[in-house]
Amino acid sequence: MNNDISDLMDSIFYSGKLGGLPSKKGGTEPASSPQKDELASLAELVQRQSAQLAELDKNVQADIAEMTRQLEQDGLLNEEERAAAGLPAAPAAKAALTTKPAEAPADPLAAFSGLAGRLSSVVIGQDDFLQKLTVAMKRPYISGGKDPVKNVILICGKKGTGRHSALRLVTAGLAEKGLLKGEPAVIDLALYADQASVKLFQQDLFATLGSGAPVVVFDHYSACHPSILPKLAELCAAGRVRLDKRYVAQKGILVETGTALTPKAVGSIDAQGQYLVFISEGGPEKVAAAFGSGFLTHVGDVCETAPLSEEALGEIAKRLWDELAEKTASHLKLTLEPTNRVIPLIVSKFVADEGVPSMRRFIEECYKAFSEYRLQNDEYQPLTVKVAVSGDGLTADFGAGAAPLAALLPGGQTADLTAAEAELDALIGLGKVKDYVRSLEQNCRVQAMRKAKGMKTSSPAMHMIFTGNPGTGKTTIARLVSQYLKAAGALSGGQLVEVTRADLVGKYVGHTAPMTNAVIQSALGGVLFIDEAYSLYRGKDDSFGLEAIDTLVKGMEDNRDDLLVILAGYTAEMEQFLTANSGLRSRFPNIIEFPDYTGKELLEIAKLTCKGKGYRLDETCFEPLEHWFDMIQQTRAREAGNGRLVRNKIEEAILAQSRRVMNEQDPQLDLLLPEDFTLGPEL
């Protein structure tokens with residue numbers, strides 16, 4: 001670079017191009033004074049620019065050196081680039097970082113050889129299904145096509161028969177042979193149940209298809225929003241889903257854009273050469289009913305699991321027991337010695353509609369019981385436990401005699417059901433109402449028995465309307481219904497959510513539906529109790545009330561398996577309320593009338609009320625109280641309040657008794673006498 005600068009200076013000062021005069025000796029005379037000044041300024045400028053170029057060259061060389069160092073450190077330079085940079089050959093460890101992934105096997109079909117047979121020892125009782133599934137995965141390698149969708153596979157069968165496990169194991173087996181890379185990606189379509197979630201589905205589908213997963217599984221198709229099914233059918237038929245709006249992809253996410261001409265716009269969601277697998281509990285006819293008959297023409301293979309035979313169930317039960325024995329030995333230092341009846345008992349816990357998980361749940365309960373024994377005993381020495389069968393459960397002998405294994409567990413459903421039954425029995429009167437509540441629990445048990453035998457179950461609609469005057473026990477019975485059905489297994493949560501019109505109806509347009517939906521969500525798994533429900537309907541002009549009713553009806557339909565709604569109110573008013581929506585009456589087939597209490601029943605309630613407050617009624621109070629209660633009930637039961645009438649009268653008597661005993665010596669502080677009661681005709 002310095003030689004270049006010298007040549008440049010010589011050309012400026014001695015070439016004569018800037019007005020220098022030729023010399024007598026053939027050279028160049030120095031320029032005149034003005035020319036000298038101009039040339040000096042130009043020379044100074046050239047020197048400054050030269051210095052700047054030198055500094056820039058220095059910085060560029062430093063940047064190149066840093067980039068080379070970073071590339072070397074990351075192992076991203078090949079041998080030719082390393083040599084050009086004056087670096088030694090890469091060590092073995094660095095070279096390993098740049099090794100390409102293993103190539104697919106030269107003969108892909110070899111990866112399928114014997115695969116189904118190997119997996120049959122893991123997935124019990126499904127040999128034919130495994131063979132069909134292997135064929136389905138092999139099909140695209142036989143056809144030799146390179147379509148965006150390798151194959152569309154429909155897997156049918158009941159829950160717990162190995163559908164998901166078999167697919168996962170087949171995929172893993174092919175991955176070991178280098179034929180597939182990665183694990184199956186599962187899209188749970190139940191997550192996209194409403195219209196608002198359709199856009200989220202498109203985002204998730206775009207991300208999943210672009211993730212490189214070799215198999216994409218679509219589960220619970222019957223629970224998604226109906227508009228999603230045509231998109232899935234299009235994906236299977238054409239290998240892509242057209243988008244009705246303009247999107248761009250940013251960091252793997254679809255972003256909607258309103259720009260008319262967008263570079264690199266995404267117009268469709270494309271498959272990337274994956275297997276598309278649909279899981280169904282029903283056969284092809286059920287799938288066709290959901291997607292349309294044309295969908296099946298794009299399904300390459302239908303693989304259906306078989307019902308598990310007794311032999312298969314026995315083998316599965318033995319494996320589950322072996323897992324339990326290994327776990328108790330390693331974690332709890334308990335060695336289990338079972339009798340030969342234990343395995344058949346585990347098989348008896350099999351529920352056809354649930355599959356193998358029903359047996360596994362029993363095994364998990366057994367482990368909890370063994371764990372509870374260790375928690376309750378300080379000694380942690382190795383111990384041999386003899387396990388036997390008694391009735392429909394197991395007994396365990398830890399050295400002090402056999403006892404029911406389930407007794408080690410904290411109180412469960414049986415204890416809860418017993419408590420609810422005892423509280424129901426303690427209620428005064430309401431004989432028909434209590435019989436109805438018991439019939440609900442009995443139906444739950446019968447359906448559970450049918451389910452265990454693989455029979456169809458039919459749970460009738462349990463939504464109810466309680467009609468009757470105030471104080472007849474409607475809220476109390478609603479709470480007991482929630483406890484009862486929770487204990488019976490018909491409700492998952494068992495909570496009672498009690499609301500009125502103010503909790504459901506908004507104050508401005510667009511406010512009511514979100515309020516009502518929020519209440520419904522809080523009651524899922526339990527009972528939604530709407531008191532004075534007739535107030536929701538104040539005529540055809542009450543648009544807010546009608547919106548709440550419509551939202552409630554839809555919520556009941558959408559959550560019919562996990563929500564019980566009880567409406568309460570006066571008899572005549574509730575009859576009028578049922579005309580507010582055409583779907584109301586059909587959804588509340590159980591209308592239960594709560595009769596007014598008799599005088600005798602109110603007297604019994606009075607005794608219980610006194611006991612609950614730490615008092616007792618003198619026997620001389622019984623006859624006048626019963627007579628007075630009868631009189632009130634015959635004339636003004638609705639206004640008096642039934643049970644509320646009793647509570648008010650007892651509280652009034654307690655205040656009167658307090659004034660009385662203050663003037664007595666050695667009084668009985670817990671006794672209520674007739675003079676403590678004012679039993680006039682007025683309320």
# chains A, B, ... in the order shown; residues from 1 in each chain; ligands from 1
$ residues_around --residues "Leu313 (chain A)" --least-positions-apart "6" --cutoff "12 Å" --atoms "only C-alpha atoms" --output "compact mmCIF listing (two decimals) with C-alpha atoms, in the first residue's frame"
# COMPACT_ATOMS: atom_id res chain seq x y z
CA VAL A 123 -48.65 -54.73 23.12
CA ILE A 124 -50.55 -57.77 24.38
CA GLY A 125 -53.39 -59.37 22.43
CA GLN A 126 -53.14 -57.16 19.33
CA GLY A 160 -57.24 -48.78 26.60
CA THR A 161 -56.62 -51.38 23.88
CA PRO A 307 -61.35 -56.56 22.17
CA ARG A 319 -47.44 -57.62 34.17
CA LEU A 320 -49.21 -54.95 36.18
CA ILE A 343 -54.37 -62.10 39.13
CA PRO A 344 -58.03 -63.07 38.41
CA LEU A 345 -59.13 -60.35 40.84
CA ILE A 346 -57.13 -57.75 38.90
CA VAL A 347 -58.76 -59.00 35.68
CA SER A 348 -62.18 -58.52 37.30
CA LYS A 349 -61.42 -54.81 37.69
CA PHE A 350 -61.30 -54.45 33.90
CA VAL A 351 -63.96 -52.03 32.57
CA ALA A 352 -64.57 -52.44 28.85
CA GLY A 355 -59.69 -50.58 28.93
CA VAL A 356 -56.41 -51.40 30.63
CA PRO A 357 -56.33 -48.10 32.61
CA SER A 358 -59.19 -49.45 34.76
CA MET A 359 -56.92 -52.29 35.96
CA ARG A 360 -53.97 -49.96 36.31
$ residues_around --residues "Ala490 (chain A)" --least-positions-apart "2" --cutoff "9 Å" --atoms "only C-alpha atoms" --output "VMD selection string"
chain A and resid 441 444 484 to 488 492 494 525 561 to 562
$ write_last_selection --atoms "C-alpha atoms" --output "compact mmCIF listing (two decimals), in the first residue's frame"
# COMPACT_ATOMS: atom_id res chain seq x y z
CA GLU A 441 -77.58 -42.73 43.44
CA CYS A 444 -75.39 -44.33 39.13
CA TYR A 484 -74.54 -37.65 46.97
CA LEU A 485 -73.74 -37.69 43.27
CA LYS A 486 -70.10 -36.80 43.90
CA ALA A 487 -69.80 -39.76 46.28
CA ALA A 488 -71.57 -41.99 43.74
CA SER A 492 -66.38 -34.99 39.31
CA GLY A 494 -69.50 -32.01 43.80
CA GLY A 525 -68.29 -30.92 37.90
CA ASP A 561 -71.84 -34.89 31.16
CA ASP A 562 -70.33 -32.64 33.83
$ atom_distance --atom1 "CA of Phe218 (chain A)" --atom2 "CA of Leu276 (chain A)"
7.6 Å
$ residues_around --residues "Arg341 (chain A)" --least-positions-apart "3" --cutoff "12 Å" --atoms "only C-alpha atoms" --output "list in words"
Gly314, Ala317, Lys318, Glu337, Pro338, Pro344, Leu345, Ile346, Val347, Ser348, Val387, Ala388, Val389, Ser390, Gly391, Asp392, Gly393, Leu394 and Thr395 of chain A
$ select_by_dssp --residues "region 304-540 of chain A" --states "alpha helix (DSSP H)" --output "ChimeraX atom specification"
/A:310-327,342-348,356-376,413-426,431-452,474-488,501-504,512-523
$ atom_distance --atom1 "CA of Gly401 (chain A)" --atom2 "CA of Glu323 (chain A)"
25.0 Å
$ residues_around --residues "Gly555 (chain A)" --least-positions-apart "5" --cutoff "12 Å" --atoms "only C-alpha atoms" --output "list in words"
Ala513, Pro514, Thr516, Asn517, Ala518, Val519, Ile520, Gln521, Ser522, Ala523, Leu524, Leu528, Ala548, Ile549, Asp550, Arg560, Asp561, Asp562, Leu563, Leu564, Val565 and Arg587 of chain A
$ closest_residue --among "A:Gly267, A:Gln447, A:His511, A:Glu623" --to "Ala249 (chain A)" --atoms "only C-alpha atoms"
A:Gly267
$ closest_residue --among "A:Ala533, A:Arg647, A:Gly399, A:Phe201" --to "Thr467 (chain A)" --atoms "only C-alpha atoms"
A:Ala533
$ residues_around --residues "Asp204 (chain A)" --least-positions-apart "4" --cutoff "9 Å" --atoms "only C-alpha atoms" --output "JSON, numbers by chain"
{"A": [187, 199, 200, 208, 209, 253]}
$ write_last_selection --atoms "C-alpha atoms" --output "mmCIF file, in the first residue's frame"
data_model
loop_
_atom_site.group_PDB
_atom_site.id
_atom_site.type_symbol
_atom_site.label_atom_id
_atom_site.label_comp_id
_atom_site.auth_asym_id
_atom_site.auth_seq_id
_atom_site.Cartn_x
_atom_site.Cartn_y
_atom_site.Cartn_z
ATOM 1 C CA ILE A 187 -52.975 -32.606 18.112
ATOM 2 C CA LYS A 199 -57.682 -19.683 14.358
ATOM 3 C CA LEU A 200 -55.611 -21.232 17.163
ATOM 4 C CA THR A 208 -46.862 -29.022 13.940
ATOM 5 C CA LEU A 209 -46.556 -29.737 10.229
ATOM 6 C CA ILE A 253 -45.907 -18.476 13.603
#
$ residues_around --residues "Gly292 (chain A)" --least-positions-apart "5" --cutoff "12 Å" --atoms "only C-alpha atoms" --output "mmCIF file with C-alpha atoms, in the first residue's frame"
data_model
loop_
_atom_site.group_PDB
_atom_site.id
_atom_site.type_symbol
_atom_site.label_atom_id
_atom_site.label_comp_id
_atom_site.auth_asym_id
_atom_site.auth_seq_id
_atom_site.Cartn_x
_atom_site.Cartn_y
_atom_site.Cartn_z
ATOM 1 C CA PRO A 226 -67.427 -28.611 13.068
ATOM 2 C CA LEU A 229 -63.353 -31.163 9.989
ATOM 3 C CA PRO A 230 -63.466 -29.905 6.356
ATOM 4 C CA LEU A 232 -58.645 -31.823 7.948
ATOM 5 C CA ALA A 233 -60.377 -33.535 5.022
ATOM 6 C CA GLU A 234 -58.727 -31.052 2.640
ATOM 7 C CA PRO A 284 -64.993 -46.181 9.596
ATOM 8 C CA GLU A 285 -68.747 -45.576 9.440
ATOM 9 C CA LYS A 286 -68.554 -43.248 12.437
ATOM 10 C CA VAL A 287 -65.652 -41.356 10.873
ATOM 11 C CA THR A 297 -61.376 -42.436 -0.132
ATOM 12 C CA HIS A 298 -58.235 -40.679 1.065
#
